[in-house]
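A.B. asks: entry-v7.cif (mmCIF, C-alpha atoms) pasted underneath:
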```
data_data
loop_
_atom_site.label_atom_id
_atom_site.label_comp_id
_atom_site.auth_asym_id
_atom_site.auth_seq_id
_atom_site.Cartn_x
_atom_site.Cartn_y
_atom_site.Cartn_z
CA MET T 1 -48.72 0.93 61.48
CA LEU T 2 -48.03 4.13 63.40
CA ASP T 3 -50.03 7.20 64.35
CA ALA T 4 -48.78 10.67 65.27
CA PHE T 5 -48.15 9.56 68.86
CA SER T 6 -46.35 6.30 68.14
CA ARG T 7 -44.31 8.07 65.45
CA ALA T 8 -42.98 10.41 68.16
CA VAL T 9 -42.24 7.37 70.35
CA VAL T 10 -40.37 5.51 67.61
CA ASN T 11 -38.29 8.61 66.85
CA ALA T 12 -37.46 9.14 70.54
CA ASP T 13 -36.58 5.46 71.04
CA ALA T 14 -34.03 5.65 68.25
CA SER T 15 -31.94 7.89 70.51
CA THR T 16 -33.25 6.43 73.84
CA LYS T 17 -34.64 9.80 74.83
CA CYS T 18 -37.72 10.56 76.87
CA ILE T 19 -40.53 12.47 75.22
CA GLY T 20 -40.85 15.91 76.74
CA GLY T 21 -40.87 19.56 75.77
CA ASP T 22 -41.01 20.17 72.04
CA GLU T 23 -42.41 16.80 70.98
CA LEU T 24 -45.14 17.05 73.59
CA ALA T 25 -46.04 20.54 72.42
CA SER T 26 -46.69 19.32 68.89
CA LEU T 27 -48.69 16.35 70.21
CA ARG T 28 -50.73 18.71 72.38
CA SER T 29 -51.65 20.76 69.34
CA PHE T 30 -52.59 17.49 67.58
CA VAL T 31 -54.95 16.78 70.49
CA ALA T 32 -56.27 20.34 70.60
CA GLU T 33 -57.10 20.23 66.88
CA GLY T 34 -58.44 16.69 67.08
CA ASN T 35 -62.02 17.62 66.38
CA ARG T 36 -61.05 19.47 63.23
CA ARG T 37 -59.18 16.39 62.07
CA LEU T 38 -62.20 14.17 62.71
CA ASP T 39 -64.42 16.63 60.80
CA ALA T 40 -61.96 16.53 57.90
CA VAL T 41 -61.98 12.72 57.87
CA ASN T 42 -65.75 12.75 58.02
CA ALA T 43 -65.94 15.26 55.15
CA ILE T 44 -63.91 12.96 52.91
CA ALA T 45 -65.57 9.72 54.02
CA SER T 46 -69.06 11.14 53.55
CA ASN T 47 -68.34 12.34 50.01
CA ALA T 48 -66.09 9.46 49.00
CA SER T 49 -68.12 7.81 46.27
CA CYS T 50 -68.93 11.15 44.68
CA MET T 51 -65.28 12.18 44.81
CA VAL T 52 -64.07 8.93 43.26
CA SER T 53 -66.58 8.85 40.42
CA ASP T 54 -65.94 12.51 39.62
CA ALA T 55 -62.18 12.01 39.65
CA ILE T 56 -62.37 9.02 37.30
CA ALA T 57 -64.92 10.77 35.08
CA GLY T 58 -62.66 13.85 34.95
CA MET T 59 -59.68 11.72 34.04
CA ILE T 60 -61.63 10.12 31.19
CA CYS T 61 -63.03 13.47 29.96
CA GLU T 62 -59.48 14.67 29.47
CA ASN T 63 -58.43 11.48 27.71
CA GLN T 64 -61.30 9.94 25.74
CA GLY T 65 -59.02 7.20 24.45
CA LEU T 66 -59.40 5.44 27.78
CA ILE T 67 -63.00 4.37 27.03
CA GLN T 68 -62.50 3.45 23.39
CA ALA T 69 -61.76 -0.12 22.39
CA GLY T 70 -58.22 -0.90 23.59
CA GLY T 71 -58.33 1.86 26.23
CA ASN T 72 -57.65 1.00 29.84
CA CYS T 73 -61.17 1.85 31.03
CA TYR T 74 -62.84 -0.27 28.32
CA PRO T 75 -64.96 -2.41 28.73
CA ASN T 76 -67.07 -1.91 31.87
CA ARG T 77 -65.09 -4.55 33.73
CA ARG T 78 -61.94 -2.45 33.56
CA MET T 79 -63.82 0.77 34.26
CA ALA T 80 -65.15 -0.90 37.43
CA ALA T 81 -61.61 -1.91 38.43
CA CYS T 82 -60.52 1.68 37.91
CA LEU T 83 -63.30 3.05 40.13
CA ARG T 84 -62.47 0.45 42.77
CA ASP T 85 -58.78 1.43 42.78
CA GLY T 86 -59.65 5.11 43.06
CA GLU T 87 -61.72 4.33 46.11
CA ILE T 88 -58.95 2.22 47.65
CA ILE T 89 -56.39 5.01 47.25
CA LEU T 90 -58.75 7.59 48.71
CA ARG T 91 -59.53 5.25 51.61
CA TYR T 92 -55.88 4.84 52.59
CA VAL T 93 -55.31 8.59 52.34
CA THR T 94 -58.26 8.98 54.73
CA TYR T 95 -56.71 6.48 57.15
CA ALA T 96 -53.42 8.38 57.02
CA LEU T 97 -55.22 11.64 57.71
CA LEU T 98 -57.01 10.08 60.68
CA ALA T 99 -53.77 8.65 62.10
CA GLY T 100 -51.76 11.78 61.36
CA ASP T 101 -49.02 9.63 59.87
CA ALA T 102 -48.36 8.26 56.39
CA SER T 103 -47.17 4.80 57.46
CA VAL T 104 -50.53 3.07 56.86
CA LEU T 105 -50.67 4.57 53.35
CA GLU T 106 -47.09 3.58 52.58
CA ASP T 107 -47.24 0.04 53.98
CA ARG T 108 -50.67 -1.07 52.89
CA CYS T 109 -51.31 0.86 49.69
CA LEU T 110 -48.24 2.29 47.96
CA ASN T 111 -45.82 -0.56 48.69
CA GLY T 112 -45.53 -2.31 45.29
CA LEU T 113 -48.43 -0.39 43.73
CA LYS T 114 -46.33 1.16 40.97
CA GLU T 115 -44.84 -2.23 40.04
CA THR T 116 -48.33 -3.78 39.99
CA TYR T 117 -49.68 -1.05 37.73
CA THR T 118 -46.67 -1.32 35.42
CA ALA T 119 -47.15 -5.08 35.16
CA LEU T 120 -50.86 -4.64 34.42
CA GLY T 121 -50.19 -1.92 31.85
CA VAL T 122 -52.11 0.77 33.73
CA PRO T 123 -51.02 4.19 32.41
CA ALA T 124 -49.33 6.14 35.22
CA THR T 125 -50.18 9.57 33.81
CA SER T 126 -53.93 8.86 33.91
CA THR T 127 -53.74 7.43 37.44
CA VAL T 128 -51.81 10.46 38.63
CA ARG T 129 -54.39 12.76 37.05
CA ALA T 130 -57.22 11.02 38.92
CA VAL T 131 -55.28 11.35 42.20
CA GLN T 132 -54.68 15.05 41.49
CA ILE T 133 -58.41 15.58 41.04
CA MET T 134 -59.11 13.77 44.33
CA LYS T 135 -56.49 15.96 46.02
CA ALA T 136 -58.29 19.11 44.88
CA GLN T 137 -61.66 17.67 45.93
CA ALA T 138 -60.34 16.67 49.36
CA ALA T 139 -58.99 20.18 49.92
CA ALA T 140 -62.35 21.66 48.93
CA HIS T 141 -64.28 19.32 51.25
CA ILE T 142 -61.96 19.87 54.24
CA LYS T 143 -62.34 23.63 53.78
CA ASP T 144 -66.05 22.95 53.19
CA GLN T 145 -65.79 25.23 50.16
CA PRO T 146 -66.57 23.00 47.17
CA SER T 147 -66.53 24.99 43.95
CA GLU T 148 -70.01 25.99 42.82
CA SER T 149 -68.94 26.35 39.21
CA PHE T 150 -67.51 22.80 39.10
CA ALA T 151 -70.11 21.05 41.26
CA GLY T 152 -73.21 22.68 39.80
CA ALA T 153 -76.37 20.93 40.94
CA LYS T 154 -74.32 18.32 42.84
CA LEU T 155 -72.87 20.89 45.26
CA ARG T 156 -72.66 19.48 48.79
CA ILE T 157 -71.74 21.46 51.88
CA MET T 158 -71.00 19.60 55.13
CA GLY T 159 -72.03 22.56 57.27
CA ALA T 160 -69.53 21.72 60.03
CA ILE T 161 -68.27 24.65 62.07
CA VAL T 162 -65.22 25.75 60.12
CA THR T 163 -62.63 27.99 61.70
CA GLU T 164 -61.47 31.23 60.10
CA ASP T 165 -58.33 29.65 58.62
CA ARG T 166 -60.46 26.91 57.05
CA CYS T 167 -58.25 24.16 58.52
CA ALA T 168 -55.27 25.22 56.41
CA SER T 169 -52.90 22.87 58.24
CA LEU T 170 -55.16 19.86 57.64
CA VAL T 171 -55.58 20.78 53.98
CA ALA T 172 -51.78 20.89 53.69
CA GLU T 173 -51.46 17.56 55.51
CA ALA T 174 -54.06 15.82 53.33
CA SER T 175 -52.41 17.27 50.21
CA SER T 176 -49.07 15.88 51.34
CA TYR T 177 -50.58 12.38 51.50
CA PHE T 178 -51.96 12.72 47.97
CA ASP T 179 -48.53 13.98 46.88
CA ARG T 180 -47.01 10.82 48.35
CA VAL T 181 -49.38 8.75 46.22
CA ILE T 182 -48.44 10.75 43.15
CA ALA T 183 -44.74 10.39 43.91
CA GLY T 184 -45.20 6.68 44.53
CA LEU T 185 -46.88 6.16 41.15
CA SER T 186 -44.55 8.18 38.97
CA MET L 1 -47.92 -0.09 67.30
CA LYS L 2 -51.19 -0.66 69.10
CA SER L 3 -53.21 2.42 69.97
CA VAL L 4 -56.85 3.46 69.61
CA VAL L 5 -56.25 4.98 66.18
CA THR L 6 -54.34 2.02 64.78
CA THR L 7 -56.94 -0.42 66.15
CA VAL L 8 -59.72 1.57 64.51
CA VAL L 9 -57.87 1.82 61.19
CA THR L 10 -57.01 -1.91 61.20
CA ALA L 11 -60.67 -2.83 61.76
CA ALA L 12 -61.89 -0.42 59.07
CA ASP L 13 -59.26 -1.70 56.64
CA ALA L 14 -60.18 -5.34 57.27
CA ALA L 15 -63.76 -4.48 56.35
CA GLY L 16 -62.64 -2.31 53.42
CA ARG L 17 -64.66 0.69 54.50
CA PHE L 18 -64.03 4.33 55.18
CA PRO L 19 -63.80 5.42 58.84
CA SER L 20 -67.36 5.40 60.17
CA THR L 21 -68.94 7.72 62.71
CA SER L 22 -68.36 5.20 65.49
CA ASP L 23 -64.69 4.94 64.49
CA LEU L 24 -64.38 8.70 64.77
CA GLU L 25 -66.14 8.60 68.16
CA SER L 26 -63.56 6.10 69.46
CA VAL L 27 -60.71 8.34 68.35
CA GLN L 28 -62.43 11.34 69.89
CA GLY L 29 -62.70 9.44 73.19
CA SER L 30 -58.99 8.70 73.25
CA LEU L 31 -58.14 12.33 72.42
CA GLN L 32 -60.26 13.53 75.32
CA ARG L 33 -58.18 11.52 77.76
CA ALA L 34 -54.92 12.51 76.09
CA ALA L 35 -54.39 15.71 78.08
CA ALA L 36 -53.91 13.82 81.37
CA ARG L 37 -51.60 11.26 79.74
CA LEU L 38 -49.44 13.93 78.14
CA GLU L 39 -49.24 15.79 81.44
CA ALA L 40 -48.02 12.65 83.20
CA ALA L 41 -45.53 12.02 80.38
CA GLU L 42 -44.18 15.54 80.66
CA LYS L 43 -43.79 15.42 84.44
CA LEU L 44 -42.14 12.01 84.28
CA ALA L 45 -39.76 13.11 81.54
CA GLY L 46 -38.77 16.15 83.59
CA ASN L 47 -37.99 14.13 86.72
CA LEU L 48 -37.07 10.76 85.31
CA ASP L 49 -33.55 10.60 86.71
CA ALA L 50 -34.67 11.48 90.24
CA VAL L 51 -37.67 9.09 90.12
CA ALA L 52 -35.46 6.23 88.93
CA GLN L 53 -32.75 6.98 91.50
CA GLU L 54 -35.26 6.93 94.37
CA ALA L 55 -36.80 3.70 93.19
CA TYR L 56 -33.38 2.11 92.77
CA ASP L 57 -32.28 3.23 96.27
CA ALA L 58 -35.48 1.82 97.77
CA CYS L 59 -35.01 -1.62 96.25
CA ILE L 60 -31.34 -1.83 97.23
CA LYS L 61 -32.29 -0.81 100.76
CA LYS L 62 -34.83 -3.61 100.97
CA TYR L 63 -32.63 -6.23 99.28
CA SER L 64 -29.25 -5.20 100.73
CA TYR L 65 -27.78 -8.67 100.08
CA LEU L 66 -27.51 -7.53 96.45
CA ASN L 67 -24.44 -5.51 97.50
CA ASN L 68 -22.57 -8.66 98.61
CA ALA L 69 -19.73 -9.92 96.49
CA GLY L 70 -20.97 -11.80 93.45
CA GLU L 71 -24.51 -10.43 93.67
CA ALA L 72 -26.29 -8.28 91.08
CA ASN L 73 -25.42 -4.90 92.66
CA SER L 74 -21.88 -5.67 93.81
CA THR L 75 -19.74 -3.62 91.42
CA ASP L 76 -20.01 -0.11 89.99
CA THR L 77 -20.72 -1.52 86.56
CA PHE L 78 -23.55 -3.63 87.97
CA ARG L 79 -24.94 -0.67 89.92
CA ALA L 80 -24.98 1.49 86.82
CA LYS L 81 -26.78 -1.26 84.93
CA CYS L 82 -29.38 -1.73 87.66
CA LEU L 83 -30.16 1.98 87.67
CA ARG L 84 -30.22 2.00 83.88
CA ASP L 85 -32.81 -0.78 83.89
CA ILE L 86 -35.12 1.23 86.13
CA LYS L 87 -34.66 4.27 83.88
CA HIS L 88 -35.41 2.04 80.94
CA TYR L 89 -38.78 1.03 82.40
CA MET L 90 -39.56 4.64 83.25
CA ARG L 91 -38.78 5.72 79.70
CA LEU L 92 -41.06 3.01 78.30
CA ILE L 93 -43.78 4.18 80.69
CA ASN L 94 -43.23 7.69 79.33
CA TYR L 95 -43.69 6.31 75.79
CA SER L 96 -46.79 4.35 76.75
CA LEU L 97 -48.31 7.48 78.28
CA VAL L 98 -47.72 9.30 74.99
CA VAL L 99 -49.15 6.52 72.82
CA GLY L 100 -52.14 5.94 75.08
CA GLY L 101 -51.65 2.17 75.16
CA THR L 102 -49.20 -0.41 76.45
CA GLY L 103 -47.61 -0.93 73.02
CA PRO L 104 -44.11 0.40 73.80
CA LEU L 105 -43.95 -1.51 77.12
CA ASP L 106 -45.19 -4.71 75.50
CA GLU L 107 -42.89 -4.56 72.50
CA TRP L 108 -39.72 -3.16 74.02
CA GLY L 109 -39.95 -4.04 77.71
CA ILE L 110 -42.04 -7.06 78.49
CA ALA L 111 -41.48 -9.26 75.44
CA GLY L 112 -38.57 -11.55 76.35
CA GLN L 113 -38.16 -9.97 79.78
CA ARG L 114 -38.55 -13.22 81.75
CA GLU L 115 -36.11 -15.07 79.50
CA VAL L 116 -33.46 -12.34 79.80
CA TYR L 117 -33.64 -12.18 83.58
CA ARG L 118 -33.46 -15.96 83.82
CA ALA L 119 -30.49 -16.13 81.47
CA LEU L 120 -28.63 -13.42 83.42
CA ASN L 121 -29.64 -14.98 86.73
CA LEU L 122 -31.27 -11.76 87.94
CA PRO L 123 -33.97 -11.75 90.63
CA THR L 124 -37.22 -10.03 89.65
CA ALA L 125 -38.26 -9.17 93.22
CA PRO L 126 -35.98 -6.08 93.41
CA TYR L 127 -37.46 -4.74 90.17
CA ILE L 128 -40.92 -5.17 91.65
CA GLU L 129 -39.82 -3.41 94.83
CA ALA L 130 -38.38 -0.48 92.85
CA LEU L 131 -41.50 -0.08 90.73
CA SER L 132 -43.80 -0.53 93.75
CA PHE L 133 -41.90 2.27 95.48
CA ALA L 134 -42.49 4.53 92.48
CA ARG L 135 -46.12 3.41 92.49
CA THR L 136 -46.71 4.67 96.04
CA ARG L 137 -44.34 7.65 95.77
CA GLY L 138 -46.39 9.63 93.25
CA CYS L 139 -48.71 12.14 94.88
CA ALA L 140 -51.45 14.39 93.48
CA PRO L 141 -51.49 17.35 93.20
CA ARG L 142 -47.87 17.70 94.34
CA ASP L 143 -46.37 15.79 91.40
CA MET L 144 -49.11 15.91 88.78
CA SER L 145 -52.89 16.16 88.57
CA ALA L 146 -55.02 13.33 89.97
CA GLN L 147 -56.10 12.06 86.55
CA ALA L 148 -52.52 12.12 85.27
CA LEU L 149 -51.41 10.16 88.34
CA VAL L 150 -54.08 7.53 87.64
CA GLU L 151 -52.70 7.01 84.14
CA TYR L 152 -49.10 6.85 85.41
CA ASN L 153 -49.90 4.42 88.23
CA ALA L 154 -51.89 2.18 85.90
CA LEU L 155 -48.81 1.68 83.75
CA LEU L 156 -46.57 1.02 86.77
CA ASP L 157 -49.10 -1.61 87.89
CA TYR L 158 -48.98 -3.10 84.43
CA VAL L 159 -45.20 -3.54 84.59
CA ILE L 160 -45.34 -4.88 88.15
CA ASN L 161 -47.91 -7.46 87.08
CA SER L 162 -45.76 -8.48 84.13
CA LEU L 163 -42.86 -9.20 86.49
CA SER L 164 -44.75 -11.12 89.16
#
```
Could you rewrite the structure in this file as structure tokens?

C.D. replies:
Amino acid sequence: MLDAFSRAVVNADASTKCIGGDELASLRSFVAEGNRRLDAVNAIASNASCMVSDAIAGMICENQGLIQAGGNCYPNRRMAACLRDGEIILRYVTYALLAGDASVLEDRCLNGLKETYTALGVPATSTVRAVQIMKAQAAAHIKDQPSESFAGAKLRIMGAIVTEDRCASLVAEASSYFDRVIAGLS
Amino acid sequence: MKSVVTTVVTAADAAGRFPSTSDLESVQGSLQRAAARLEAAEKLAGNLDAVAQEAYDACIKKYSYLNNAGEANSTDTFRAKCLRDIKHYMRLINYSLVVGGTGPLDEWGIAGQREVYRALNLPTAPYIEALSFARTRGCAPRDMSAQALVEYNALLDYVINSLS
């Protein structure tokens, strides 16, 4: 497993170069924006169960067949497995966001996941839909701008100090990890 | 590769939980110290050739028998390889400063080190002398800030200890 720093080291070692100049500049900005990153991780971790249940519920709303007899979220046992998997995927995305590198997500979550789901007959389109919903939720929580019209009475604001650009780079980074999951499943 | 972040993530993953507040505090602690480490890494990267050359010269001066025929520093090829080895350690120290842990040194420098030197019939004392020279050569604030020098020296000590 690598983080942003060891990723730079592994890349430099491939050409036996020292790390200086440009690579250090990008690592310095990683350090300088470290607190934002930790706030982003905290925003996802603190809202995780809500995000997962909403994503799975949204997926089912759009495809009622899943909870009818023969559907992949029927009976409760399989619905529970689905919720558990949603949480696992979100957890590894959170780890990747904390580390600033996708290796933990790739090695420990996505490696063989598609094959496992195919063997178990889990529909890829529904899984991808749930991940897409979590991606949108994660972006909203990192910006600390959850949609009032979608959240209704369940609206939660972290209240962390958010900078004027609303952590655009972290939103993009988190989205790229969700995109990796989507690419890995389809 | 071992660092604060990967240790935290491994522990959280083993317990199957999201990163907790204390996990985030650990990462925050390592980020706070990162500025000094990155400064040391930058200064070392900028002067690596000169630092390695000085250290190499110092160890050959102390162990001049290495220049005798048949010894480890007797031909141009051998000399180039000796200097390359010192540069190699300095580069791994540069990496370890960036990572914030001894991972690169452990994995790429120290693992198997003893066996290699024994197989090639190389003495370890000159390596220690070269690294000890570098250890006492660094000076704050001439070369880098005091905190950066602490981080740099700690890694030199780590390599010296691994060789002795």

A.B. asks: Figure out the distance between CA of Trp108 in chain L and CA of Ser15 in chain T, please, to one decimal in Å.

C.D. replies: 14.0 Å

A.B. asks: Go through T:Ala172, T:Ile56, T:Ala124, T:Ile88 and flag the residue nearest chain L, using only C-alpha atoms for the distances.

C.D. replies: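 Distance minimum relative to chain L lands on T:Ile88.
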
A.B. asks: Please expand the PyMOL selection byres ((chain T) within 8 of (chain L)) into the concrete residues it hits in this file, giving the result as a list of chain:residue names.

C.D. replies: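 Matching residues under the PyMOL selection byres ((chain T) within 8 of (chain L)) are T:Met1, T:Leu2, T:Asp3, T:Phe5, T:Ser6, T:Val9, T:Lys17, T:Cys18, T:Ile19, T:Gly20, T:Gly21, T:Leu24, T:Arg28, T:Val31, T:Gly34, T:Asn35, T:Leu38, T:Val41, T:Asn42, T:Ala45, T:Arg91, T:Thr94, T:Tyr95, T:Leu98, T:Ala99.
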
A.B. asks: Using the chain letters and numbering of this document, enumerate as a list in words the residues selected by the PyMOL selection byres ((chain T and resi 50-52) around 7).

C.D. replies: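 Output of the PyMOL selection byres ((chain T and resi 50-52) around 7): Asn47, Ala48, Ser49, Ser53, Asp54, Ala55, Ile56, Leu83, Gly86, Glu87, Met134 and Gln137 of chain T.
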
A.B. asks: Apply the PyMOL selection byres ((chain L and resi 51) around 10) to the displayed file and report the matching residues as a ChimeraX atom specification.

C.D. replies: /L:44-50,52-56,86-87,90,130-131,133-134,137-138

A.B. asks: Considering only C-alpha atoms, can you say which of T:Ala102, T:Leu120, T:Cys82, T:Leu97 comes closest to Ala40 in chain T?

C.D. replies: T:Leu97

A.B. asks: When you count all atoms listed in the file, which of these residues is closest to Asn161 in chain L: L:Leu149, L:Thr136, L:Ala69, L:Ile128?

C.D. replies: L:Ile128

A.B. asks: For Tyr117 in chain L, which residue out of L:Asp57, L:Asp85, L:Asp76, L:Asp157 is the nearest one, using all atoms listed in the file?

C.D. replies: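 Closest to Tyr117 in chain L, using all atoms listed in the file: L:Asp85.
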
A.B. asks: May I have the residues within 10 Å of Asn73 in chain L as a ChimeraX atom specification, using all atoms listed in the file and disregarding those fewer than 4 positions away in the same chain?

C.D. replies: /L:60,63-69,77-83

A.B. asks: Can you fill out range 126-149 of chain L with N, CA and C atoms and hand it back as a compact mmCIF listing (two decimals), in the coordinates of the input?

C.D. replies:
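So the final result, stored in rebuild-v9.txt, reads:
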```txt
# COMPACT_ATOMS: atom_id res chain seq x y z
N PRO L 126 -36.43 -7.46 93.25
CA PRO L 126 -35.98 -6.08 93.41
C PRO L 126 -36.60 -5.12 92.39
N TYR L 127 -36.80 -5.60 91.17
CA TYR L 127 -37.46 -4.74 90.17
C TYR L 127 -38.86 -4.38 90.66
N ILE L 128 -39.56 -5.41 91.17
CA ILE L 128 -40.92 -5.17 91.65
C ILE L 128 -40.90 -4.17 92.79
N GLU L 129 -39.91 -4.33 93.69
CA GLU L 129 -39.82 -3.41 94.83
C GLU L 129 -39.58 -1.97 94.33
N ALA L 130 -38.68 -1.82 93.37
CA ALA L 130 -38.38 -0.48 92.85
C ALA L 130 -39.62 0.16 92.23
N LEU L 131 -40.33 -0.63 91.41
CA LEU L 131 -41.50 -0.08 90.73
C LEU L 131 -42.64 0.16 91.72
N SER L 132 -42.76 -0.72 92.74
CA SER L 132 -43.80 -0.53 93.75
C SER L 132 -43.53 0.75 94.54
N PHE L 133 -42.24 1.03 94.78
CA PHE L 133 -41.90 2.27 95.48
C PHE L 133 -42.37 3.46 94.66
N ALA L 134 -42.06 3.44 93.36
CA ALA L 134 -42.49 4.53 92.48
C ALA L 134 -44.02 4.63 92.46
N ARG L 135 -44.66 3.46 92.55
CA ARG L 135 -46.12 3.41 92.49
C ARG L 135 -46.76 4.14 93.68
N THR L 136 -46.13 4.02 94.86
CA THR L 136 -46.71 4.67 96.04
C THR L 136 -46.11 6.06 96.26
N ARG L 137 -45.03 6.38 95.57
CA ARG L 137 -44.34 7.65 95.77
C ARG L 137 -45.09 8.81 95.12
N GLY L 138 -45.69 8.58 93.97
CA GLY L 138 -46.39 9.63 93.25
C GLY L 138 -47.54 10.19 94.09
N CYS L 139 -47.72 11.51 94.03
CA CYS L 139 -48.71 12.14 94.88
C CYS L 139 -49.38 13.28 94.10
N ALA L 140 -50.72 13.29 94.12
CA ALA L 140 -51.45 14.39 93.48
C ALA L 140 -51.95 15.32 94.57
N PRO L 141 -51.95 16.64 94.40
CA PRO L 141 -51.49 17.35 93.20
C PRO L 141 -50.03 17.79 93.27
N ARG L 142 -49.24 17.23 94.22
CA ARG L 142 -47.87 17.70 94.34
C ARG L 142 -47.07 17.43 93.06
N ASP L 143 -47.18 16.17 92.55
CA ASP L 143 -46.37 15.79 91.40
C ASP L 143 -47.06 16.05 90.07
N MET L 144 -48.34 15.71 90.01
CA MET L 144 -49.11 15.91 88.78
C MET L 144 -50.58 15.87 89.17
N SER L 145 -51.48 16.15 88.22
CA SER L 145 -52.89 16.16 88.57
C SER L 145 -53.38 14.74 88.87
N ALA L 146 -54.52 14.64 89.54
CA ALA L 146 -55.02 13.33 89.97
C ALA L 146 -55.23 12.39 88.77
N GLN L 147 -55.83 12.92 87.71
CA GLN L 147 -56.10 12.06 86.55
C GLN L 147 -54.79 11.59 85.91
N ALA L 148 -53.81 12.50 85.84
CA ALA L 148 -52.52 12.12 85.27
C ALA L 148 -51.87 11.02 86.12
N LEU L 149 -52.00 11.15 87.45
CA LEU L 149 -51.41 10.16 88.34
C LEU L 149 -52.06 8.79 88.15
```
